[in-house]
$ cat data27.cif   # mmCIF, C-alpha atoms
data_upload
loop_
_atom_site.group_PDB
_atom_site.id
_atom_site.type_symbol
_atom_site.label_atom_id
_atom_site.label_comp_id
_atom_site.auth_asym_id
_atom_site.auth_seq_id
_atom_site.Cartn_x
_atom_site.Cartn_y
_atom_site.Cartn_z
ATOM 1 C CA MET A 1436 17.438 -27.837 -0.750
ATOM 2 C CA LEU A 1437 17.539 -24.796 1.526
ATOM 3 C CA SER A 1438 18.961 -24.975 5.036
ATOM 4 C CA ASN A 1439 16.611 -23.902 7.824
ATOM 5 C CA LYS A 1440 18.724 -20.789 8.422
ATOM 6 C CA MET A 1441 18.635 -19.843 4.721
ATOM 7 C CA GLU A 1442 14.899 -20.438 4.462
ATOM 8 C CA LYS A 1443 14.253 -18.300 7.553
ATOM 9 C CA ALA A 1444 16.405 -15.474 6.169
ATOM 10 C CA LEU A 1445 14.666 -15.620 2.777
ATOM 11 C CA ASN A 1446 11.281 -15.516 4.494
ATOM 12 C CA GLU A 1447 12.372 -12.425 6.400
ATOM 13 C CA GLN A 1448 13.313 -10.804 3.077
ATOM 14 C CA ILE A 1449 9.909 -11.724 1.651
ATOM 15 C CA ARG A 1450 8.371 -9.667 4.473
ATOM 16 C CA VAL A 1451 10.789 -6.773 3.800
ATOM 17 C CA GLU A 1452 9.803 -6.713 0.116
ATOM 18 C CA ALA A 1453 6.081 -6.915 0.962
ATOM 19 C CA GLU A 1454 6.385 -4.061 3.453
ATOM 20 C CA SER A 1455 8.356 -2.059 0.874
ATOM 21 C CA SER A 1456 5.488 -2.473 -1.570
ATOM 22 C CA GLN A 1457 3.072 -1.219 1.104
ATOM 23 C CA VAL A 1458 5.285 1.772 1.959
ATOM 24 C CA TYR A 1459 5.418 2.867 -1.689
ATOM 25 C CA LEU A 1460 1.690 2.266 -2.090
ATOM 26 C CA ALA A 1461 1.052 4.596 0.873
ATOM 27 C CA MET A 1462 3.383 7.172 -0.704
ATOM 28 C CA ALA A 1463 1.526 6.852 -4.015
ATOM 29 C CA SER A 1464 -1.829 7.418 -2.351
ATOM 30 C CA TRP A 1465 -0.524 10.427 -0.422
ATOM 31 C CA ALA A 1466 0.955 11.982 -3.583
ATOM 32 C CA GLU A 1467 -2.219 11.334 -5.571
ATOM 33 C CA VAL A 1468 -4.363 13.096 -2.961
ATOM 34 C CA LYS A 1469 -1.939 16.048 -3.079
ATOM 35 C CA GLY A 1470 -2.404 16.328 -6.874
ATOM 36 C CA LEU A 1471 1.098 15.090 -7.683
ATOM 37 C CA GLU A 1472 0.126 12.820 -10.549
ATOM 38 C CA GLY A 1473 3.622 12.068 -11.824
ATOM 39 C CA ILE A 1474 4.948 11.303 -8.358
ATOM 40 C CA SER A 1475 1.944 9.105 -7.581
ATOM 41 C CA LEU A 1476 2.418 7.120 -10.807
ATOM 42 C CA PHE A 1477 6.112 6.705 -9.997
ATOM 43 C CA MET A 1478 5.246 5.397 -6.515
ATOM 44 C CA TYR A 1479 2.474 3.082 -7.761
ATOM 45 C CA ARG A 1480 4.944 1.579 -10.213
ATOM 46 C CA HIS A 1481 7.580 1.297 -7.510
ATOM 47 C CA SER A 1482 5.078 -0.501 -5.273
ATOM 48 C CA ASP A 1483 4.329 -2.984 -8.068
ATOM 49 C CA GLU A 1484 8.049 -3.541 -8.590
ATOM 50 C CA GLU A 1485 8.594 -4.342 -4.902
ATOM 51 C CA ARG A 1486 5.701 -6.792 -5.029
ATOM 52 C CA MET A 1487 7.369 -8.533 -7.983
ATOM 53 C CA HIS A 1488 10.589 -8.757 -5.943
ATOM 54 C CA MET A 1489 8.583 -10.445 -3.190
ATOM 55 C CA LEU A 1490 6.930 -12.878 -5.599
ATOM 56 C CA LYS A 1491 10.289 -13.813 -7.112
ATOM 57 C CA LEU A 1492 11.558 -14.702 -3.628
ATOM 58 C CA ILE A 1493 8.415 -16.706 -2.817
ATOM 59 C CA LYS A 1494 8.779 -18.762 -6.001
ATOM 60 C CA TYR A 1495 12.476 -19.334 -5.312
ATOM 61 C CA VAL A 1496 11.931 -20.551 -1.748
ATOM 62 C CA ASN A 1497 9.150 -22.916 -2.800
ATOM 63 C CA GLU A 1498 11.074 -24.235 -5.824
ATOM 64 C CA ARG A 1499 14.117 -24.977 -3.633
ATOM 65 C CA GLY A 1500 12.086 -27.195 -1.305
ATOM 66 C CA GLY A 1501 11.321 -24.597 1.315
ATOM 67 C CA HIS A 1502 8.019 -23.030 2.287
ATOM 68 C CA ALA A 1503 7.573 -19.317 1.707
ATOM 69 C CA HIS A 1504 5.614 -17.679 4.531
ATOM 70 C CA ILE A 1505 3.176 -14.821 4.052
ATOM 71 C CA THR A 1506 3.148 -12.891 7.309
ATOM 72 C CA ASP A 1507 1.488 -9.875 8.877
ATOM 73 C CA LEU A 1508 2.881 -6.570 7.698
ATOM 74 C CA LYS A 1509 3.620 -3.406 9.612
ATOM 75 C CA ALA A 1510 1.223 -0.685 8.469
ATOM 76 C CA PRO A 1511 2.975 2.165 6.658
ATOM 77 C CA LYS A 1512 2.484 5.772 7.685
ATOM 78 C CA LYS A 1513 -0.204 7.798 5.892
ATOM 79 C CA ASP A 1514 1.242 11.299 5.875
ATOM 80 C CA PHE A 1515 4.654 12.296 4.561
ATOM 81 C CA GLY A 1516 4.615 16.039 5.215
ATOM 82 C CA SER A 1517 6.103 17.115 1.902
ATOM 83 C CA PHE A 1518 7.236 15.488 -1.308
ATOM 84 C CA GLN A 1519 10.824 16.315 -0.296
ATOM 85 C CA LYS A 1520 10.477 14.427 2.999
ATOM 86 C CA MET A 1521 8.748 11.563 1.221
ATOM 87 C CA PHE A 1522 11.624 11.098 -1.235
ATOM 88 C CA GLN A 1523 14.144 11.338 1.606
ATOM 89 C CA GLU A 1524 12.245 8.493 3.294
ATOM 90 C CA LEU A 1525 12.260 6.552 0.023
ATOM 91 C CA TYR A 1526 16.049 6.904 -0.177
ATOM 92 C CA GLU A 1527 16.519 5.833 3.443
ATOM 93 C CA HIS A 1528 14.208 2.872 2.868
ATOM 94 C CA GLU A 1529 16.237 1.767 -0.163
ATOM 95 C CA ILE A 1530 19.401 1.873 1.973
ATOM 96 C CA PHE A 1531 17.607 -0.292 4.563
ATOM 97 C CA VAL A 1532 16.599 -2.802 1.854
ATOM 98 C CA SER A 1533 20.170 -2.881 0.514
ATOM 99 C CA LYS A 1534 21.479 -3.705 3.989
ATOM 100 C CA SER A 1535 18.881 -6.441 4.308
ATOM 101 C CA ILE A 1536 19.894 -7.938 0.944
ATOM 102 C CA ASN A 1537 23.569 -7.761 1.915
ATOM 103 C CA GLU A 1538 22.831 -9.626 5.154
ATOM 104 C CA LEU A 1539 20.951 -12.242 3.138
ATOM 105 C CA VAL A 1540 23.933 -12.653 0.794
ATOM 106 C CA GLN A 1541 26.157 -13.167 3.842
ATOM 107 C CA VAL A 1542 23.846 -15.908 5.138
ATOM 108 C CA SER A 1543 24.040 -17.621 1.742
ATOM 109 C CA LEU A 1544 27.855 -17.559 1.948
ATOM 110 C CA ASP A 1545 27.887 -18.743 5.569
ATOM 111 C CA GLU A 1546 25.582 -21.616 4.606
ATOM 112 C CA ARG A 1547 27.653 -22.385 1.490
ATOM 113 C CA ASP A 1548 24.462 -22.081 -0.532
ATOM 114 C CA TYR A 1549 25.974 -20.960 -3.814
ATOM 115 C CA ALA A 1550 22.759 -21.362 -5.782
ATOM 116 C CA THR A 1551 21.040 -18.866 -3.481
ATOM 117 C CA HIS A 1552 24.107 -16.634 -3.592
ATOM 118 C CA ASN A 1553 23.865 -16.614 -7.371
ATOM 119 C CA PHE A 1554 20.100 -15.960 -7.238
ATOM 120 C CA LEU A 1555 20.623 -13.001 -4.896
ATOM 121 C CA GLN A 1556 23.061 -11.240 -7.227
ATOM 122 C CA TRP A 1557 20.059 -9.935 -9.188
ATOM 123 C CA TYR A 1558 18.801 -8.267 -5.985
ATOM 124 C CA VAL A 1559 22.238 -6.780 -5.281
ATOM 125 C CA ALA A 1560 22.342 -5.209 -8.757
ATOM 126 C CA GLU A 1561 18.729 -4.037 -8.430
ATOM 127 C CA GLN A 1562 19.487 -2.274 -5.151
ATOM 128 C CA ILE A 1563 22.463 -0.458 -6.667
ATOM 129 C CA GLU A 1564 20.065 0.908 -9.311
ATOM 130 C CA GLU A 1565 17.360 1.743 -6.758
ATOM 131 C CA GLU A 1566 19.720 3.680 -4.503
ATOM 132 C CA ALA A 1567 21.202 5.566 -7.462
ATOM 133 C CA LEU A 1568 17.739 6.514 -8.728
ATOM 134 C CA ALA A 1569 16.627 7.703 -5.289
ATOM 135 C CA ARG A 1570 19.830 9.722 -4.856
ATOM 136 C CA ASN A 1571 19.385 11.273 -8.323
ATOM 137 C CA ILE A 1572 15.806 12.252 -7.477
ATOM 138 C CA LEU A 1573 16.920 13.810 -4.175
ATOM 139 C CA ASP A 1574 19.552 15.827 -6.020
ATOM 140 C CA LYS A 1575 16.843 17.210 -8.325
ATOM 141 C CA ILE A 1576 14.591 17.975 -5.370
ATOM 142 C CA ASN A 1577 17.402 19.904 -3.682
ATOM 143 C CA LEU A 1578 17.824 21.981 -6.857
ATOM 144 C CA ILE A 1579 14.104 22.809 -6.865
ATOM 145 C CA GLY A 1580 13.908 23.966 -3.256
ATOM 146 C CA ASN A 1581 10.469 25.474 -2.644
ATOM 147 C CA ASP A 1582 9.891 26.667 -6.215
ATOM 148 C CA LYS A 1583 6.312 25.756 -7.254
ATOM 149 C CA GLY A 1584 7.206 25.891 -10.950
ATOM 150 C CA GLY A 1585 10.077 23.547 -10.253
ATOM 151 C CA LEU A 1586 7.706 21.173 -8.469
ATOM 152 C CA TYR A 1587 5.415 21.132 -11.506
ATOM 153 C CA LEU A 1588 8.340 20.288 -13.811
ATOM 154 C CA PHE A 1589 9.692 17.718 -11.341
ATOM 155 C CA ASP A 1590 6.300 15.995 -11.136
ATOM 156 C CA ARG A 1591 6.275 15.797 -14.934
ATOM 157 C CA ASP A 1592 9.881 14.529 -15.022
ATOM 158 C CA VAL A 1593 9.151 11.771 -12.510
ATOM 159 C CA GLN A 1594 6.187 10.711 -14.626
ATOM 160 C CA GLN A 1595 8.601 10.447 -17.576
ATOM 161 C CA ILE A 1596 10.932 8.236 -15.501
ATOM 162 C CA THR A 1597 7.916 5.986 -14.972
ATOM 163 C CA ALA A 1598 7.078 5.958 -18.695
ATOM 164 C CA ASP A 1599 10.714 5.302 -19.666
ATOM 165 C CA SER A 1600 10.936 2.494 -17.135
ATOM 166 C CA ALA A 1601 7.735 0.899 -18.469
ATOM 167 C CA ALA A 1602 9.085 1.091 -22.023
ATOM 168 C CA SER A 1603 12.365 -0.567 -21.023
ATOM 169 C CA ASP A 1604 10.445 -3.346 -19.229
ATOM 170 C CA THR A 1605 8.638 -4.267 -22.428
ATOM 171 C CA THR A 1606 11.913 -4.508 -24.371
ATOM 172 C CA GLN A 1607 13.520 -6.921 -21.894
#

$ encode --input "data27.cif" --output "structure tokens"
Amino acid sequence: MLSNKMEKALNEQIRVEAESSQVYLAMASWAEVKGLEGISLFMYRHSDEERMHMLKLIKYVNERGGHAHITDLKAPKKDFGSFQKMFQELYEHEIFVSKSINELVQVSLDERDYATHNFLQWYVAEQIEEEALARNILDKINLIGNDKGGLYLFDRDVQQITADSAASDTTQ
């Protein structure tokens, strides 16, 4: 059984994950309109992944005797200026999500809810991977600068990250 404080904190994280999915969906749409097919596929996949994170939390809350709440979401922005700025925002958003997960872990410890603490370790590990991926992408973007040929190759590389990620999902 979840404490009221734990349930409230988990419901807040459900909203964070849902809004993350929306943010990446907006980024995907923006990239697609700009002709950045690889980047748009990467963002669409990332949006789906965030939605799965949300669903996993919803199931957990309900299975532990709580009630997962589906709330209004803040609308994401529609324009990102450049693909460089968009990926910088992605990185900053992943840092925000990591902080939110860390706060949630702290609530689980404060509440002595070790089952939830154990459950949340998957999210902690996931955020380490997400931040590392975003940082790696930013490093590549910084190497490219304003080179159009580099952008073409980067767009193709990001599409490959998406394909590699899909292949690894089917083997797990």

$ residues_around --input "data27.cif" --residues "Arg1499 in chain A" --least-positions-apart "6" --cutoff "12 Å" --atoms "only C-alpha atoms" --output "PyMOL selection string"
chain A and resi 1436-1439+1441-1442+1445+1492-1493+1548+1550-1551+1554

$ atom_distance --input "data27.cif" --atom1 "CA of Ser1456 in chain A" --atom2 "CA of Asp1483 in chain A"
6.6 Å

$ closest_residue --input "data27.cif" --among "A:Leu1573, A:Asp1590, A:Asn1553, A:Asp1582" --to "Tyr1495 in chain A" --atoms "all atoms listed in the file"
A:Asn1553

$ closest_residue --input "data27.cif" --among "A:Pro1511, A:Glu1565, A:Gly1473, A:Glu1447" --to "Asp1592 in chain A" --atoms "all atoms listed in the file"
A:Gly1473

$ residues_around --input "data27.cif" --residues "Glu1524 in chain A" --least-positions-apart "3" --cutoff "12 Å" --atoms "all atoms listed in the file" --output "JSON, numbers by chain"
{"A": [1455, 1458, 1459, 1462, 1511, 1512, 1514, 1515, 1516, 1517, 1518, 1519, 1520, 1521, 1527, 1528, 1529, 1530, 1531, 1566, 1569, 1570, 1572, 1573]}

$ residues_near_point --input "data27.cif" --point "(13.8, -13.1, -6.5)" --cutoff "12 Å" --atoms "only C-alpha atoms" --output "JSON, numbers by chain"
{"A": [1445, 1446, 1448, 1449, 1452, 1484, 1485, 1486, 1487, 1488, 1489, 1490, 1491, 1492, 1493, 1494, 1495, 1496, 1497, 1498, 1536, 1551, 1552, 1553, 1554, 1555, 1556, 1557, 1558, 1559, 1560, 1561]}

$ axis_aligned_box --input "data27.cif" --around "range 1483-1490 of chain A" --padding-each-side "4 Å" --output "JSON"
{"center_x": 7.5, "center_y": -7.9, "center_z": -5.9, "size_x": 14.3, "size_y": 17.9, "size_z": 13.4}

$ residues_around --input "data27.cif" --residues "Ala1463 in chain A" --least-positions-apart "2" --cutoff "8 Å" --atoms "only C-alpha atoms" --output "ChimeraX atom specification"
/A:1459-1461,1465-1467,1474-1479

$ write_last_selection --input "data27.cif" --atoms "C-alpha atoms" --output "mmCIF file, keeping the file's coordinate frame"
data_model
loop_
_atom_site.group_PDB
_atom_site.id
_atom_site.type_symbol
_atom_site.label_atom_id
_atom_site.label_comp_id
_atom_site.auth_asym_id
_atom_site.auth_seq_id
_atom_site.Cartn_x
_atom_site.Cartn_y
_atom_site.Cartn_z
ATOM 1 C CA TYR A 1459 5.418 2.867 -1.689
ATOM 2 C CA LEU A 1460 1.690 2.266 -2.090
ATOM 3 C CA ALA A 1461 1.052 4.596 0.873
ATOM 4 C CA TRP A 1465 -0.524 10.427 -0.422
ATOM 5 C CA ALA A 1466 0.955 11.982 -3.583
ATOM 6 C CA GLU A 1467 -2.219 11.334 -5.571
ATOM 7 C CA ILE A 1474 4.948 11.303 -8.358
ATOM 8 C CA SER A 1475 1.944 9.105 -7.581
ATOM 9 C CA LEU A 1476 2.418 7.120 -10.807
ATOM 10 C CA PHE A 1477 6.112 6.705 -9.997
ATOM 11 C CA MET A 1478 5.246 5.397 -6.515
ATOM 12 C CA TYR A 1479 2.474 3.082 -7.761
#

$ decode --input "data27.cif" --residues "range 1446-1583 of chain A" --atoms "C-alpha atoms" --output "mmCIF file, in the first residue's frame"
data_model
loop_
_atom_site.group_PDB
_atom_site.id
_atom_site.type_symbol
_atom_site.label_atom_id
_atom_site.label_comp_id
_atom_site.auth_asym_id
_atom_site.auth_seq_id
_atom_site.Cartn_x
_atom_site.Cartn_y
_atom_site.Cartn_z
ATOM 1 C CA ASN A 1446 1.225 11.061 -9.662
ATOM 2 C CA GLU A 1447 3.361 14.160 -10.124
ATOM 3 C CA GLN A 1448 5.952 12.011 -11.920
ATOM 4 C CA ILE A 1449 3.228 10.563 -14.144
ATOM 5 C CA ARG A 1450 2.510 14.134 -15.282
ATOM 6 C CA VAL A 1451 6.241 14.805 -15.825
ATOM 7 C CA GLU A 1452 6.549 11.711 -18.033
ATOM 8 C CA ALA A 1453 3.384 12.610 -19.979
ATOM 9 C CA GLU A 1454 4.623 16.155 -20.560
ATOM 10 C CA SER A 1455 8.013 14.766 -21.619
ATOM 11 C CA SER A 1456 6.275 12.648 -24.238
ATOM 12 C CA GLN A 1457 4.457 15.757 -25.498
ATOM 13 C CA VAL A 1458 7.671 17.815 -25.603
ATOM 14 C CA TYR A 1459 9.428 15.183 -27.725
ATOM 15 C CA LEU A 1460 6.365 14.804 -29.938
ATOM 16 C CA ALA A 1461 6.451 18.568 -30.604
ATOM 17 C CA MET A 1462 10.178 18.304 -31.377
ATOM 18 C CA ALA A 1463 9.499 15.408 -33.756
ATOM 19 C CA SER A 1464 6.842 17.370 -35.611
ATOM 20 C CA TRP A 1465 9.084 20.432 -35.872
ATOM 21 C CA ALA A 1466 11.997 18.353 -37.208
ATOM 22 C CA GLU A 1467 9.763 16.536 -39.689
ATOM 23 C CA VAL A 1468 8.470 19.821 -41.122
ATOM 24 C CA LYS A 1469 12.089 21.002 -41.467
ATOM 25 C CA GLY A 1470 12.951 17.882 -43.523
ATOM 26 C CA LEU A 1471 15.084 16.320 -40.791
ATOM 27 C CA GLU A 1472 13.791 12.786 -41.171
ATOM 28 C CA GLY A 1473 16.336 11.060 -38.944
ATOM 29 C CA ILE A 1474 15.927 13.593 -36.157
ATOM 30 C CA SER A 1475 12.137 13.397 -36.395
ATOM 31 C CA LEU A 1476 12.205 9.588 -36.163
ATOM 32 C CA PHE A 1477 14.526 9.822 -33.157
ATOM 33 C CA MET A 1478 12.134 12.258 -31.446
ATOM 34 C CA TYR A 1479 9.007 10.233 -32.298
ATOM 35 C CA ARG A 1480 10.657 7.190 -30.752
ATOM 36 C CA HIS A 1481 11.734 9.207 -27.734
ATOM 37 C CA SER A 1482 8.159 10.438 -27.294
ATOM 38 C CA ASP A 1483 6.888 6.845 -27.363
ATOM 39 C CA GLU A 1484 9.511 5.852 -24.803
ATOM 40 C CA GLU A 1485 8.429 8.616 -22.409
ATOM 41 C CA ARG A 1486 4.823 7.503 -22.790
ATOM 42 C CA MET A 1487 5.863 3.965 -21.823
ATOM 43 C CA HIS A 1488 7.599 5.394 -18.736
ATOM 44 C CA MET A 1489 4.321 7.091 -17.829
ATOM 45 C CA LEU A 1490 2.291 3.920 -18.360
ATOM 46 C CA LYS A 1491 4.690 1.909 -16.205
ATOM 47 C CA LEU A 1492 4.159 4.400 -13.368
ATOM 48 C CA ILE A 1493 0.370 4.340 -13.806
ATOM 49 C CA LYS A 1494 0.302 0.539 -13.583
ATOM 50 C CA TYR A 1495 2.564 0.591 -10.526
ATOM 51 C CA VAL A 1496 0.445 3.120 -8.629
ATOM 52 C CA ASN A 1497 -2.770 1.240 -9.375
ATOM 53 C CA GLU A 1498 -1.266 -2.170 -8.538
ATOM 54 C CA ARG A 1499 -0.014 -0.853 -5.175
ATOM 55 C CA GLY A 1500 -3.508 0.217 -4.124
ATOM 56 C CA GLY A 1501 -3.265 3.824 -5.185
ATOM 57 C CA HIS A 1502 -5.095 5.675 -7.928
ATOM 58 C CA ALA A 1503 -3.066 7.034 -10.819
ATOM 59 C CA HIS A 1504 -4.352 10.431 -11.964
ATOM 60 C CA ILE A 1505 -4.362 11.598 -15.566
ATOM 61 C CA THR A 1506 -4.134 15.376 -15.459
ATOM 62 C CA ASP A 1507 -4.028 18.341 -17.806
ATOM 63 C CA LEU A 1508 -0.686 18.849 -19.487
ATOM 64 C CA LYS A 1509 1.224 22.015 -20.222
ATOM 65 C CA ALA A 1510 1.346 22.538 -23.987
ATOM 66 C CA PRO A 1511 4.863 22.248 -25.407
ATOM 67 C CA LYS A 1512 6.352 24.952 -27.593
ATOM 68 C CA LYS A 1513 6.021 24.588 -31.374
ATOM 69 C CA ASP A 1514 9.199 26.197 -32.664
ATOM 70 C CA PHE A 1515 12.731 25.305 -31.620
ATOM 71 C CA GLY A 1516 14.747 27.720 -33.751
ATOM 72 C CA SER A 1517 17.424 25.273 -34.840
ATOM 73 C CA PHE A 1518 18.199 21.606 -34.401
ATOM 74 C CA GLN A 1519 21.120 22.636 -32.169
ATOM 75 C CA LYS A 1520 18.827 24.586 -29.829
ATOM 76 C CA MET A 1521 16.310 21.756 -29.873
ATOM 77 C CA PHE A 1522 18.883 19.192 -28.723
ATOM 78 C CA GLN A 1523 20.146 21.594 -26.055
ATOM 79 C CA GLU A 1524 16.555 21.790 -24.784
ATOM 80 C CA LEU A 1525 16.315 17.996 -24.899
ATOM 81 C CA TYR A 1526 19.441 17.725 -22.737
ATOM 82 C CA GLU A 1527 18.161 20.303 -20.249
ATOM 83 C CA HIS A 1528 14.815 18.509 -20.112
ATOM 84 C CA GLU A 1529 16.526 15.192 -19.345
ATOM 85 C CA ILE A 1530 18.390 16.870 -16.466
ATOM 86 C CA PHE A 1531 15.034 18.177 -15.185
ATOM 87 C CA VAL A 1532 13.528 14.662 -15.370
ATOM 88 C CA SER A 1533 16.548 13.206 -13.550
ATOM 89 C CA LYS A 1534 16.089 15.719 -10.732
ATOM 90 C CA SER A 1535 12.411 14.832 -10.554
ATOM 91 C CA ILE A 1536 13.215 11.105 -10.339
ATOM 92 C CA ASN A 1537 15.829 11.773 -7.655
ATOM 93 C CA GLU A 1538 13.269 13.714 -5.607
ATOM 94 C CA LEU A 1539 10.850 10.809 -6.005
ATOM 95 C CA VAL A 1540 13.505 8.362 -4.774
ATOM 96 C CA GLN A 1541 14.039 10.593 -1.735
ATOM 97 C CA VAL A 1542 10.307 10.530 -0.961
ATOM 98 C CA SER A 1543 10.372 6.727 -1.156
ATOM 99 C CA LEU A 1544 13.234 6.664 1.375
ATOM 100 C CA ASP A 1545 11.555 9.217 3.651
ATOM 101 C CA GLU A 1546 8.372 7.130 3.575
ATOM 102 C CA ARG A 1547 10.339 3.902 4.119
ATOM 103 C CA ASP A 1548 8.667 2.526 1.009
ATOM 104 C CA TYR A 1549 11.381 0.125 -0.080
ATOM 105 C CA ALA A 1550 9.256 -1.550 -2.735
ATOM 106 C CA THR A 1551 8.806 1.798 -4.486
ATOM 107 C CA HIS A 1552 12.480 2.584 -3.952
ATOM 108 C CA ASN A 1553 13.352 -0.666 -5.690
ATOM 109 C CA PHE A 1554 10.860 0.040 -8.503
ATOM 110 C CA LEU A 1555 12.368 3.493 -9.070
ATOM 111 C CA GLN A 1556 15.899 2.167 -9.568
ATOM 112 C CA TRP A 1557 14.948 1.324 -13.166
ATOM 113 C CA TYR A 1558 14.105 5.013 -13.716
ATOM 114 C CA VAL A 1559 17.391 6.112 -12.130
ATOM 115 C CA ALA A 1560 19.363 3.865 -14.503
ATOM 116 C CA GLU A 1561 17.240 4.983 -17.465
ATOM 117 C CA GLN A 1562 17.956 8.643 -16.730
ATOM 118 C CA ILE A 1563 21.701 8.011 -16.575
ATOM 119 C CA GLU A 1564 21.432 6.563 -20.102
ATOM 120 C CA GLU A 1565 19.180 9.381 -21.335
ATOM 121 C CA GLU A 1566 21.492 12.123 -20.093
ATOM 122 C CA ALA A 1567 24.549 10.382 -21.553
ATOM 123 C CA LEU A 1568 22.845 9.998 -24.936
ATOM 124 C CA ALA A 1569 21.763 13.646 -24.989
ATOM 125 C CA ARG A 1570 25.263 14.789 -24.006
ATOM 126 C CA ASN A 1571 26.806 12.579 -26.720
ATOM 127 C CA ILE A 1572 24.451 14.050 -29.322
ATOM 128 C CA LEU A 1573 25.306 17.602 -28.216
ATOM 129 C CA ASP A 1574 29.003 16.810 -28.548
ATOM 130 C CA LYS A 1575 28.414 15.686 -32.148
ATOM 131 C CA ILE A 1576 26.353 18.786 -32.876
ATOM 132 C CA ASN A 1577 29.157 21.000 -31.569
ATOM 133 C CA LEU A 1578 31.586 19.241 -33.931
ATOM 134 C CA ILE A 1579 29.270 19.908 -36.883
ATOM 135 C CA GLY A 1580 28.814 23.622 -36.249
ATOM 136 C CA ASN A 1581 26.944 25.141 -39.193
ATOM 137 C CA ASP A 1582 28.202 22.674 -41.809
ATOM 138 C CA LYS A 1583 25.244 21.580 -43.993
#
